[in-house]
>>> print(open('my_file15.tsv').read())   # TSV, C-alpha atoms
chain	number	residue	atom	x	y	z
A	159	MET	CA	3.47	-12.65	5.78
A	160	ASP	CA	1.25	-9.85	4.42
A	161	ALA	CA	-0.85	-9.69	7.59
A	162	GLN	CA	2.29	-9.34	9.74
A	163	VAL	CA	3.61	-6.53	7.51
A	164	ILE	CA	0.32	-4.64	7.77
A	165	GLN	CA	0.21	-5.13	11.52
A	166	LYS	CA	3.77	-3.83	11.85
A	167	ALA	CA	3.00	-0.80	9.69
A	168	ASN	CA	0.10	0.13	11.93
A	169	GLN	CA	2.21	-0.37	15.03
A	170	ILE	CA	4.69	2.11	13.55
A	171	ILE	CA	1.89	4.61	12.85
A	172	ARG	CA	0.56	4.35	16.41
A	173	ARG	CA	3.99	4.51	18.00
A	174	TYR	CA	5.14	7.62	16.16
A	175	LYS	CA	1.68	9.17	15.84
A	176	THR	CA	2.14	10.02	12.18
A	177	ARG	CA	2.06	8.59	8.68
A	178	ASN	CA	4.72	11.00	7.47
A	179	PRO	CA	7.78	8.89	6.58
A	180	TYR	CA	10.19	11.82	7.07
A	181	ASP	CA	8.96	12.40	10.62
A	182	ILE	CA	9.29	8.69	11.42
A	183	ILE	CA	12.78	8.55	9.91
A	184	ASP	CA	13.76	11.49	12.10
A	185	GLN	CA	12.25	9.96	15.24
A	186	ARG	CA	14.08	6.69	14.57
A	187	ASP	CA	17.36	8.64	14.37
A	188	ILE	CA	18.13	7.48	10.84
A	189	GLY	CA	20.60	9.62	8.93
A	190	PHE	CA	18.57	11.09	6.06
A	191	ASP	CA	19.62	13.21	3.12
A	192	TYR	CA	19.17	13.65	-0.61
A	193	THR	CA	21.74	12.43	-3.08
A	194	TYR	CA	22.52	13.53	-6.63
A	195	ARG	CA	25.28	11.01	-7.30
A	196	TYR	CA	23.18	8.18	-8.72
A	197	PRO	CA	20.77	9.37	-11.43
A	198	ASN	CA	19.21	5.92	-11.91
A	199	LEU	CA	18.62	5.31	-8.20
A	200	LEU	CA	15.42	6.36	-6.43
A	201	GLY	CA	16.83	5.64	-3.02
A	202	TYR	CA	18.88	3.35	-0.83
A	203	TYR	CA	19.15	2.14	2.76
A	204	CYS	CA	22.26	0.90	4.51
A	205	VAL	CA	23.92	0.59	7.90
A	206	HIS	CA	27.53	1.69	8.39
A	207	VAL	CA	29.38	1.54	11.72
A	208	ALA	CA	26.08	1.07	13.56
A	209	GLN	CA	24.55	4.18	11.94
A	210	ARG	CA	21.56	3.76	9.64
A	211	PHE	CA	21.33	5.84	6.47
A	212	ILE	CA	18.60	6.61	3.97
A	213	ARG	CA	19.36	8.53	0.81
A	214	ILE	CA	16.76	9.68	-1.71
A	215	ASN	CA	17.36	10.95	-5.24
A	216	GLY	CA	17.14	14.73	-4.96
A	217	ASN	CA	16.19	15.04	-8.64
A	218	ALA	CA	13.06	12.89	-8.25
A	219	GLY	CA	9.60	14.44	-8.16
A	220	GLN	CA	7.95	14.97	-4.78
A	221	GLN	CA	5.64	11.99	-5.21
A	222	ASP	CA	8.59	9.69	-5.91
A	223	LYS	CA	10.55	11.19	-3.03
A	224	ASP	CA	7.72	10.56	-0.57
A	225	GLU	CA	7.18	7.00	-1.74
A	226	ALA	CA	10.92	6.32	-1.76
A	227	ALA	CA	11.23	7.61	1.81
A	228	ALA	CA	8.44	5.30	2.96
A	229	HIS	CA	9.95	2.37	1.06
A	230	GLU	CA	13.44	2.83	2.52
A	231	LEU	CA	11.94	3.30	5.97
A	232	ALA	CA	10.30	-0.09	5.54
A	233	HIS	CA	13.72	-1.61	4.85
A	234	ASP	CA	14.88	-0.17	8.17
A	235	VAL	CA	11.90	-1.73	9.94
A	236	PHE	CA	12.24	-5.19	8.39
A	237	ASP	CA	15.77	-5.52	7.05
A	238	TYR	CA	17.98	-3.86	9.65
A	239	SER	CA	19.78	-7.12	10.52
A	240	ASP	CA	20.61	-7.81	6.87
A	241	ALA	CA	21.86	-4.24	6.46
A	242	CYS	CA	24.08	-4.69	9.55
A	243	ASN	CA	25.60	-7.68	7.79
A	244	GLY	CA	26.63	-5.58	4.82
A	245	MET	CA	23.57	-5.64	2.57
A	246	THR	CA	22.68	-2.32	0.93
A	247	PHE	CA	19.15	-1.91	-0.38
A	248	GLN	CA	19.39	0.00	-3.64
A	249	ASP	CA	16.06	0.70	-5.29
A	250	THR	CA	15.90	1.83	-8.89
A	251	PHE	CA	12.24	0.92	-9.40
A	252	PHE	CA	9.61	0.01	-6.85
A	253	PHE	CA	6.59	-2.25	-7.28
A	254	SER	CA	8.14	-4.72	-9.75
A	255	ARG	CA	6.20	-7.99	-9.88
A	256	SER	CA	9.52	-9.84	-9.84
A	257	ASN	CA	10.77	-8.10	-6.70
A	258	SER	CA	12.13	-10.20	-3.87
A	259	LEU	CA	10.23	-10.88	-0.67
A	260	ARG	CA	12.05	-7.97	0.97
A	261	GLU	CA	10.99	-5.55	-1.75
A	262	ARG	CA	7.39	-6.75	-1.76
A	263	ARG	CA	7.33	-6.34	2.01
A	264	ALA	CA	8.68	-2.79	1.74
A	265	ASN	CA	6.12	-1.94	-0.95
A	266	LEU	CA	3.24	-3.23	1.17
A	267	MET	CA	4.33	-1.35	4.26
A	268	SER	CA	4.84	1.90	2.36
A	269	ALA	CA	1.34	1.59	0.87
A	270	GLU	CA	-0.18	1.00	4.30
A	271	LEU	CA	1.78	3.92	5.72
A	272	LEU	CA	1.03	6.49	3.03
A	273	ILE	CA	-2.60	5.66	2.23
A	274	GLU	CA	-5.39	5.50	4.79
A	275	ASP	CA	-8.13	2.89	4.35
A	276	ASP	CA	-10.95	5.37	3.73
A	277	ASP	CA	-8.88	7.18	1.10
A	278	VAL	CA	-9.52	4.10	-1.03
A	279	LEU	CA	-12.73	2.59	0.37
A	280	ASP	CA	-14.96	5.61	-0.03
A	281	PRO	CA	-14.10	6.74	-3.58
A	282	MET	CA	-14.11	3.17	-4.91
A	283	GLY	CA	-17.65	2.59	-3.62
A	284	TYR	CA	-17.06	0.22	-0.71
A	285	TYR	CA	-19.66	1.71	1.62
A	286	ARG	CA	-22.28	1.93	-1.10
A	287	TYR	CA	-21.50	-1.68	-2.01
A	288	ILE	CA	-22.10	-2.81	1.59
A	289	GLU	CA	-25.49	-1.10	1.58
A	290	PHE	CA	-26.30	-2.63	-1.78
A	291	TYR	CA	-25.28	-6.10	-0.61
A	292	GLU	CA	-27.53	-5.83	2.45
A	293	GLU	CA	-30.43	-4.91	0.17
A	294	ILE	CA	-29.75	-7.99	-1.97
A	295	GLN	CA	-29.64	-10.19	1.15
A	296	LYS	CA	-33.05	-8.90	2.25
A	297	ARG	CA	-34.47	-9.46	-1.22
A	298	TYR	CA	-33.19	-13.04	-1.44
A	299	PRO	CA	-32.93	-14.28	2.18
A	300	ASN	CA	-32.65	-17.97	1.23
A	301	ALA	CA	-30.12	-17.64	-1.57
A	302	PRO	CA	-26.74	-19.41	-1.10
A	303	GLN	CA	-23.83	-17.16	-0.18
A	304	ILE	CA	-21.96	-17.81	-3.42
A	305	THR	CA	-25.04	-16.83	-5.43
A	306	LEU	CA	-25.50	-13.62	-3.44
A	307	ASP	CA	-21.86	-12.69	-3.89
A	308	HIS	CA	-21.97	-13.20	-7.64
A	309	TYR	CA	-25.30	-11.47	-8.15
A	310	ALA	CA	-24.42	-8.50	-5.93
A	311	ALA	CA	-21.10	-7.99	-7.69
A	312	MET	CA	-22.65	-8.13	-11.16
A	313	GLU	CA	-25.59	-5.89	-10.33
A	314	PHE	CA	-23.51	-3.37	-8.44
A	315	GLY	CA	-21.08	-3.10	-11.33
A	316	GLU	CA	-23.88	-2.58	-13.85
A	317	GLN	CA	-25.82	-0.04	-11.78
A	318	TYR	CA	-23.08	1.92	-10.06
A	319	GLY	CA	-19.78	1.01	-11.71
A	320	GLY	CA	-19.51	4.35	-13.46
A	321	ASP	CA	-20.13	6.35	-10.28
A	322	PHE	CA	-16.86	5.47	-8.60
A	323	LEU	CA	-13.20	5.92	-9.37
A	324	THR	CA	-11.07	3.44	-11.27
A	325	MET	CA	-7.67	2.48	-9.89
A	326	GLU	CA	-6.01	4.93	-12.28
A	327	GLN	CA	-8.32	7.77	-11.29
A	328	LEU	CA	-7.91	6.95	-7.61
A	329	ALA	CA	-4.13	7.08	-7.91
A	330	GLN	CA	-4.34	10.45	-9.65
A	331	ASN	CA	-6.64	11.85	-6.96
A	332	LEU	CA	-4.38	10.61	-4.18
A	333	GLY	CA	-1.24	11.81	-5.93
A	334	ARG	CA	0.26	8.34	-5.63
A	335	ASN	CA	1.82	5.82	-7.96
A	336	GLN	CA	-0.87	3.47	-9.25
A	337	ASP	CA	1.16	0.46	-8.18
A	338	LEU	CA	1.25	1.82	-4.63
A	339	VAL	CA	-2.55	1.96	-4.68
A	340	ASP	CA	-2.47	-1.61	-6.01
A	341	TYR	CA	-0.54	-2.67	-2.91
A	342	LYS	CA	-3.00	-0.79	-0.70
A	343	MET	CA	-5.82	-2.75	-2.30
A	344	LYS	CA	-3.99	-5.94	-1.37
A	345	ALA	CA	-3.72	-4.68	2.20
A	346	LEU	CA	-7.46	-4.04	2.35
A	347	LEU	CA	-8.18	-7.54	1.09
A	348	VAL	CA	-5.84	-9.00	3.71
A	349	LYS	CA	-7.73	-7.00	6.35
A	350	GLY	CA	-10.92	-8.74	5.26
A	351	TYR	CA	-12.73	-6.02	3.36
A	352	GLU	CA	-15.20	-7.37	0.80
A	353	LEU	CA	-14.35	-4.99	-2.01
A	354	PRO	CA	-16.61	-4.26	-4.97
A	355	VAL	CA	-15.52	-6.24	-8.00
A	356	THR	CA	-13.62	-4.11	-10.48
A	357	PRO	CA	-11.61	-5.17	-13.55
A	358	GLU	CA	-8.48	-4.84	-11.40
A	359	LEU	CA	-9.69	-7.30	-8.75
A	360	LYS	CA	-9.14	-10.70	-10.30
A	361	SER	CA	-9.34	-13.97	-8.37
A	362	ASP	CA	-5.55	-14.19	-8.14
A	363	TYR	CA	-5.11	-10.63	-6.89
A	364	LEU	CA	-3.42	-11.51	-3.63
A	365	LYS	CA	-0.96	-13.82	-5.38
A	366	ARG	CA	0.71	-11.03	-7.35
>>> encode(input="my_file15.tsv", output="structure tokens")
Amino acid sequence: MDAQVIQKANQIIRRYKTRNPYDIIDQRDIGFDYTYRYPNLLGYYCVHVAQRFIRINGNAGQQDKDEAAAHELAHDVFDYSDACNGMTFQDTFFFSRSNSLRERRANLMSAELLIEDDDVLDPMGYYRYIEFYEEIQKRYPNAPQITLDHYAAMEFGEQYGGDFLTMEQLAQNLGRNQDLVDYKMKALLVKGYELPVTPELKSDYLKR
């Protein structure tokens, strides 16, 4: 499922030639506006008489507004049929671990839409890690793959771990919710990137 969501997100980016959720909402002819009626709601998506609507809490900060717009846009992409059948997607809090499949899907698409790969790969040390791993391979050409992986991860963390941003720092630099960055990390793993091992990247990372 995750791979299909990421693929769809990138199809949307190529089709509309932007990552800006507001521009995409406009191009898809979705009725968009801010609402001040529901203080505990970040945003919602619904379909009424064949017209699609997205409403975002006008009192939210700009970061939350942007992420809410991307999230509700994802509901339009994936959940239009359910919305036509009367379902309204009301989101009070994104990124919950207990969210339904629909919410997880919307979170993953919004992360892929709002954050480019290199915005995460470079500051977290991915490219330096690849260079380091190639050096380890040359040094130990006959070592088993599992041994190389473990050794490279341990050594890289000890030598360079402090040179790159943590997840929290990365989120602050990007001006994004840390959980959104967490979903972007999942997307990178699904794409096949061998990411440097950080405390956040546990063996069950993709299962969250």
>>> closest_residue(input="my_file15.tsv", among="A:Val235, A:Ile294, A:Leu338, A:Leu347", to="A:Glu326", atoms="all atoms listed in the file")
A:Leu338
>>> closest_residue(input="my_file15.tsv", among="A:Thr305, A:Asn335, A:Gln295, A:Asn265", to="A:Ile164", atoms="only C-alpha atoms")
A:Asn265
>>> closest_residue(input="my_file15.tsv", among="A:Cys242, A:Glu316, A:Ile183, A:His229", to="A:Ala264", atoms="all atoms listed in the file")
A:His229
>>> closest_residue(input="my_file15.tsv", among="A:Gln327, A:Leu271, A:Tyr202, A:Asp249", to="A:Lys175", atoms="all atoms listed in the file")
A:Leu271
>>> closest_residue(input="my_file15.tsv", among="A:Lys349, A:Arg286, A:Arg297, A:Lys223", to="A:Asp321", atoms="all atoms listed in the file")
A:Arg286
